[in-house]
$ cat structure.txt   # compact mmCIF, C-alpha atoms
# COMPACT_ATOMS: atom_id res chain seq x y z
CA MET C 1 71.40 17.68 2.67
CA LYS C 2 69.08 14.70 2.18
CA ILE C 3 68.42 14.65 5.91
CA LYS C 4 67.32 18.30 5.87
CA LYS C 5 64.95 17.68 2.93
CA LEU C 6 63.52 14.60 4.63
CA LEU C 7 63.07 16.50 7.90
CA CYS C 8 61.33 19.41 6.14
CA ALA C 9 59.03 17.04 4.25
CA THR C 10 58.14 15.22 7.45
CA LEU C 11 57.38 18.46 9.30
CA LEU C 12 55.22 19.71 6.44
CA ALA C 13 53.31 16.41 6.33
CA VAL C 14 52.69 16.51 10.06
CA ALA C 15 51.59 20.15 9.88
CA PHE C 16 49.11 19.50 7.07
CA THR C 17 47.64 16.36 8.57
CA SER C 18 47.30 17.71 12.11
CA CYS C 19 45.54 20.98 11.30
CA GLY C 20 41.77 21.12 11.10
CA ASP C 21 39.50 23.78 9.71
CA ASP C 22 40.10 26.07 12.67
CA ASP C 23 43.36 27.24 14.18
CA SER C 24 42.76 25.66 17.59
CA ASN C 25 45.79 23.35 17.31
CA VAL C 26 48.08 26.29 16.58
CA ASN C 27 46.58 28.39 19.38
CA ASN C 28 47.00 25.56 21.87
CA LEU C 29 50.63 25.14 20.83
CA ILE C 30 51.38 28.85 21.24
CA GLU C 31 49.67 28.96 24.64
CA SER C 32 51.68 25.99 25.88
CA LEU C 33 55.09 27.35 24.93
CA ASP C 34 57.42 27.62 27.89
CA ASN C 35 59.45 30.79 28.38
CA GLY C 36 62.63 31.11 30.38
CA ALA C 37 64.68 33.89 31.87
CA VAL C 38 68.09 35.44 31.35
CA VAL C 39 70.42 37.69 33.27
CA GLN C 40 72.78 40.01 31.43
CA VAL C 41 75.75 42.09 32.57
CA THR C 42 74.99 45.68 31.56
CA ASP C 43 77.86 47.47 33.29
CA THR C 44 81.03 46.46 35.12
CA ASN C 45 82.93 48.88 37.36
CA SER C 46 85.42 46.31 38.64
CA ASN C 47 86.18 42.69 37.88
CA THR C 48 89.63 42.01 39.33
CA LEU C 49 91.10 40.76 42.58
CA PHE C 50 94.69 41.33 43.67
CA SER C 51 96.97 38.78 45.33
CA ASP C 52 98.68 41.40 47.50
CA ASN C 53 95.78 43.50 48.85
CA LEU C 54 92.05 43.49 49.62
CA GLU C 55 91.13 46.37 47.30
CA GLY C 56 89.79 44.31 44.38
CA ALA C 57 86.16 43.38 43.81
CA LEU C 58 83.48 42.33 41.42
CA ASN C 59 81.17 45.30 40.98
CA THR C 60 78.72 44.75 38.15
CA THR C 61 75.15 45.60 37.20
CA LEU C 62 72.92 42.71 36.18
CA GLU C 63 69.71 43.05 34.18
CA TYR C 64 67.05 40.34 34.55
CA ARG C 65 64.64 39.54 31.71
CA ASP C 66 61.73 37.19 31.26
CA SER C 67 58.60 37.04 29.09
CA GLN C 68 56.62 39.05 31.67
CA ASN C 69 58.95 42.08 31.76
CA GLY C 70 60.74 40.83 34.84
CA SER C 71 57.78 39.86 37.01
CA LEU C 72 58.53 36.13 37.13
CA LEU C 73 61.69 36.40 39.25
CA ASP C 74 61.55 34.95 42.73
CA THR C 75 65.24 34.71 43.72
CA MET C 76 68.73 34.79 42.27
CA ASP C 77 71.36 32.58 43.88
CA VAL C 78 75.02 33.61 43.61
CA PHE C 79 77.51 30.73 43.71
CA VAL C 80 81.31 31.00 43.88
CA THR C 81 84.01 28.55 42.80
CA PHE C 82 87.72 29.11 43.47
CA ILE C 83 90.06 27.67 40.83
CA ASP C 84 93.67 27.44 41.99
CA ASN C 85 95.67 27.83 38.78
CA SER C 86 98.88 28.44 40.76
CA GLU C 87 99.08 25.35 42.96
CA ASP C 88 102.84 25.69 43.36
CA ALA C 89 102.55 29.23 44.75
CA GLY C 90 100.62 30.55 47.72
CA ASP C 91 98.98 28.51 50.46
CA SER C 92 95.45 27.55 49.58
CA SER C 93 95.73 24.19 51.36
CA ASN C 94 92.70 24.93 53.58
CA ALA C 95 90.66 26.56 50.83
CA ILE C 96 87.58 25.14 49.16
CA VAL C 97 88.98 24.58 45.66
CA ASP C 98 87.00 23.57 42.57
CA GLN C 99 83.81 23.25 44.61
CA GLU C 100 80.86 25.56 44.18
CA VAL C 101 79.57 27.28 47.34
CA LEU C 102 76.52 29.48 47.81
CA LEU C 103 77.53 33.09 48.47
CA SER C 104 74.07 34.63 48.72
CA THR C 105 70.43 34.51 47.71
CA ILE C 106 69.00 37.75 46.38
CA GLN C 107 65.25 38.26 46.67
CA ASN C 108 63.31 39.83 43.80
CA ASP C 109 62.59 42.98 45.81
CA ALA C 110 66.33 43.79 45.81
CA PHE C 111 66.08 44.47 42.07
CA ASN C 112 65.19 47.97 40.87
CA PRO C 113 63.74 49.19 37.56
CA GLY C 114 66.52 49.79 35.05
CA GLU C 115 66.92 51.97 31.97
CA ASN C 116 65.17 49.38 29.78
CA ASN C 117 62.33 48.91 32.29
CA PHE C 118 63.72 45.51 33.27
CA PRO C 119 64.83 44.78 36.85
CA VAL C 120 68.50 45.45 37.59
CA PHE C 121 70.71 44.53 40.53
CA ASN C 122 74.17 45.79 41.43
CA LEU C 123 76.26 42.78 42.44
CA LEU C 124 79.17 43.78 44.66
CA VAL C 125 81.50 41.06 45.97
CA ASN C 126 84.75 42.26 47.51
CA THR C 127 87.97 40.30 47.93
CA GLU C 128 87.25 39.49 51.55
CA ASP C 129 83.84 38.03 50.59
CA PHE C 130 85.51 35.76 48.02
CA LEU C 131 88.14 34.64 50.52
CA VAL C 132 85.72 33.99 53.39
CA ILE C 133 83.22 31.97 51.33
CA THR C 134 86.00 29.76 49.92
CA ASN C 135 87.82 29.43 53.29
CA ASN C 136 90.86 31.06 51.73
CA THR C 137 93.33 33.79 52.68
CA LEU C 138 95.14 36.52 50.79
CA GLU C 139 98.26 34.35 51.05
CA GLY C 140 96.33 31.55 49.32
CA ILE C 141 95.66 33.39 46.07
CA GLU C 142 98.20 34.17 43.38
CA PRO C 143 98.13 35.81 39.96
CA GLY C 144 96.47 33.43 37.52
CA ASP C 145 93.96 32.07 40.02
CA LEU C 146 90.30 32.46 39.19
CA PHE C 147 87.04 32.96 41.04
CA VAL C 148 83.92 32.00 39.11
CA ILE C 149 80.49 33.41 39.87
CA ARG C 150 77.52 31.34 38.68
CA LEU C 151 74.06 32.87 38.83
CA GLU C 152 70.93 30.78 39.18
CA LEU C 153 67.45 32.26 38.68
CA THR C 154 64.42 30.74 40.40
CA LEU C 155 61.09 31.88 38.99
CA THR C 156 57.82 32.28 40.86
CA ASP C 157 56.51 29.03 39.32
CA GLY C 158 59.55 27.07 40.60
CA ARG C 159 61.48 26.80 37.34
CA VAL C 160 65.24 27.31 37.64
CA PHE C 161 67.54 28.76 34.97
CA SER C 162 71.32 28.90 34.95
CA SER C 163 74.32 28.10 32.76
CA ASN C 164 73.31 24.44 32.48
CA ASN C 165 69.99 25.03 30.71
CA ILE C 166 70.27 28.09 28.50
CA GLY C 167 68.98 27.79 24.98
CA ASN C 168 67.79 30.05 22.22
CA ASN C 169 66.81 33.28 23.90
CA GLY C 170 65.89 35.61 21.06
CA GLY C 171 69.39 36.94 20.57
CA LEU C 172 70.03 37.99 24.17
CA SER C 173 73.27 36.93 25.74
CA SER C 174 73.00 35.13 29.05
CA ASP C 175 75.69 35.97 31.58
CA PHE C 176 75.11 33.23 34.13
CA ILE C 177 78.90 32.82 34.49
CA ILE C 178 81.24 35.68 35.46
CA ASN C 179 85.00 35.08 35.75
CA ILE C 180 87.06 37.18 38.16
CA ASN C 181 90.81 37.03 37.63
CA VAL C 182 93.41 37.35 40.35
CA LEU C 183 96.29 39.65 39.41
$ encode --input "structure.txt" --output "structure tokens"
Amino acid sequence: MKIKKLLCATLLAVAFTSCGDDDSNVNNLIESLDNGAVVQVTDTNSNTLFSDNLEGALNTTLEYRDSQNGSLLDTMDVFVTFIDNSEDAGDSSNAIVDQEVLLSTIQNDAFNPGENNFPVFNLLVNTEDFLVITNNTLEGIEPGDLFVIRLELTLTDGRVFSSNNIGNNGGLSSDFIININVL
């Protein structure tokens, strides 16, 4: 509790001593604030793969948001990681396991205006896509295995946002990671 009081007192002292007669310091601070971007799952039609057939898929709608109503997006990279949670079953010996691989890069023009006037994209990845990108086969996946999608946003100014640098985002959830279970 003493630390909080000391921190508050220090911040107040700095605020009072750094402000002049005009509000130029505050205006400069506001203008220099850096804004990020988030992607949020708004609808999921399918999020399951099956170990005995190719009919499963990830079929989800993603909504992109930034401080400029979606205009800062340049690309969205889609990465896949295969996690073999059933090492004693199946034959994933040739598969890329626990290593992230780039599935695709989606350009900003592939996004369309959504219900909330933010850009949306329908991400569809079928079982065969997951298997090919991870050098796996249907015989190499078993119930309990997991495919992980990681999304990475690159903005027009070169900044990159993903699961490794999300912070306070005004209450929005950031769905940079999507887990797809194998049944």
$ residues_around --input "structure.txt" --residues "stretch 104-111 of chain C" --least-positions-apart "4" --cutoff "8 Å" --atoms "only C-alpha atoms" --output "list of chain:residue names"
C:Leu73, C:Asp74, C:Thr75, C:Met76, C:Asp77, C:Val78, C:Phe79, C:Pro119, C:Val120, C:Phe121
$ closest_atom_pairs --input "structure.txt" --of "stretch 17-135 of chain C" --to "stretch 159-166 of chain C" --cutoff "8 Å" --atoms "all atoms listed in the file" --output "JSON lines"
{"residue": "C:Gly36", "atom": "CA", "partner": "C:Phe161", "partner_atom": "CA", "distance": 7.1}
{"residue": "C:Ala37", "atom": "CA", "partner": "C:Phe161", "partner_atom": "CA", "distance": 6.6}
{"residue": "C:Val38", "atom": "CA", "partner": "C:Phe161", "partner_atom": "CA", "distance": 7.6}
$ atom_distance --input "structure.txt" --atom1 "atom CA of C:Leu151" --atom2 "atom CA of C:Val80"
9.0 Å
$ closest_residue --input "structure.txt" --among "C:Asn135, C:Phe118, C:Asn181, C:Phe130" --to "C:Gln68" --atoms "all atoms listed in the file"
C:Phe118
$ closest_residue --input "structure.txt" --among "C:Thr61, C:Ser71, C:Thr48, C:Ser86" --to "C:Gly140" --atoms "all atoms listed in the file"
C:Ser86
$ residues_near_point --input "structure.txt" --point "(68.5, 50.3, 31.9)" --cutoff "10 Å" --atoms "only C-alpha atoms" --output "list in words"
Thr42, Asp43, Thr61, Leu62, Glu63, Asn112, Pro113, Gly114, Glu115, Asn116, Asn117, Phe118, Pro119 and Val120 of chain C
$ closest_residue --input "structure.txt" --among "C:Ile83, C:Val97, C:Leu72, C:Ala89" --to "C:Glu139" --atoms "only C-alpha atoms"
C:Ala89
$ closest_residue --input "structure.txt" --among "C:Val182, C:Leu102, C:Thr44, C:Asn126" --to "C:Glu152" --atoms "only C-alpha atoms"
C:Leu102
$ closest_residue --input "structure.txt" --among "C:Ser46, C:Gly144, C:Leu131, C:Asp157" --to "C:Asn94" --atoms "all atoms listed in the file"
C:Leu131
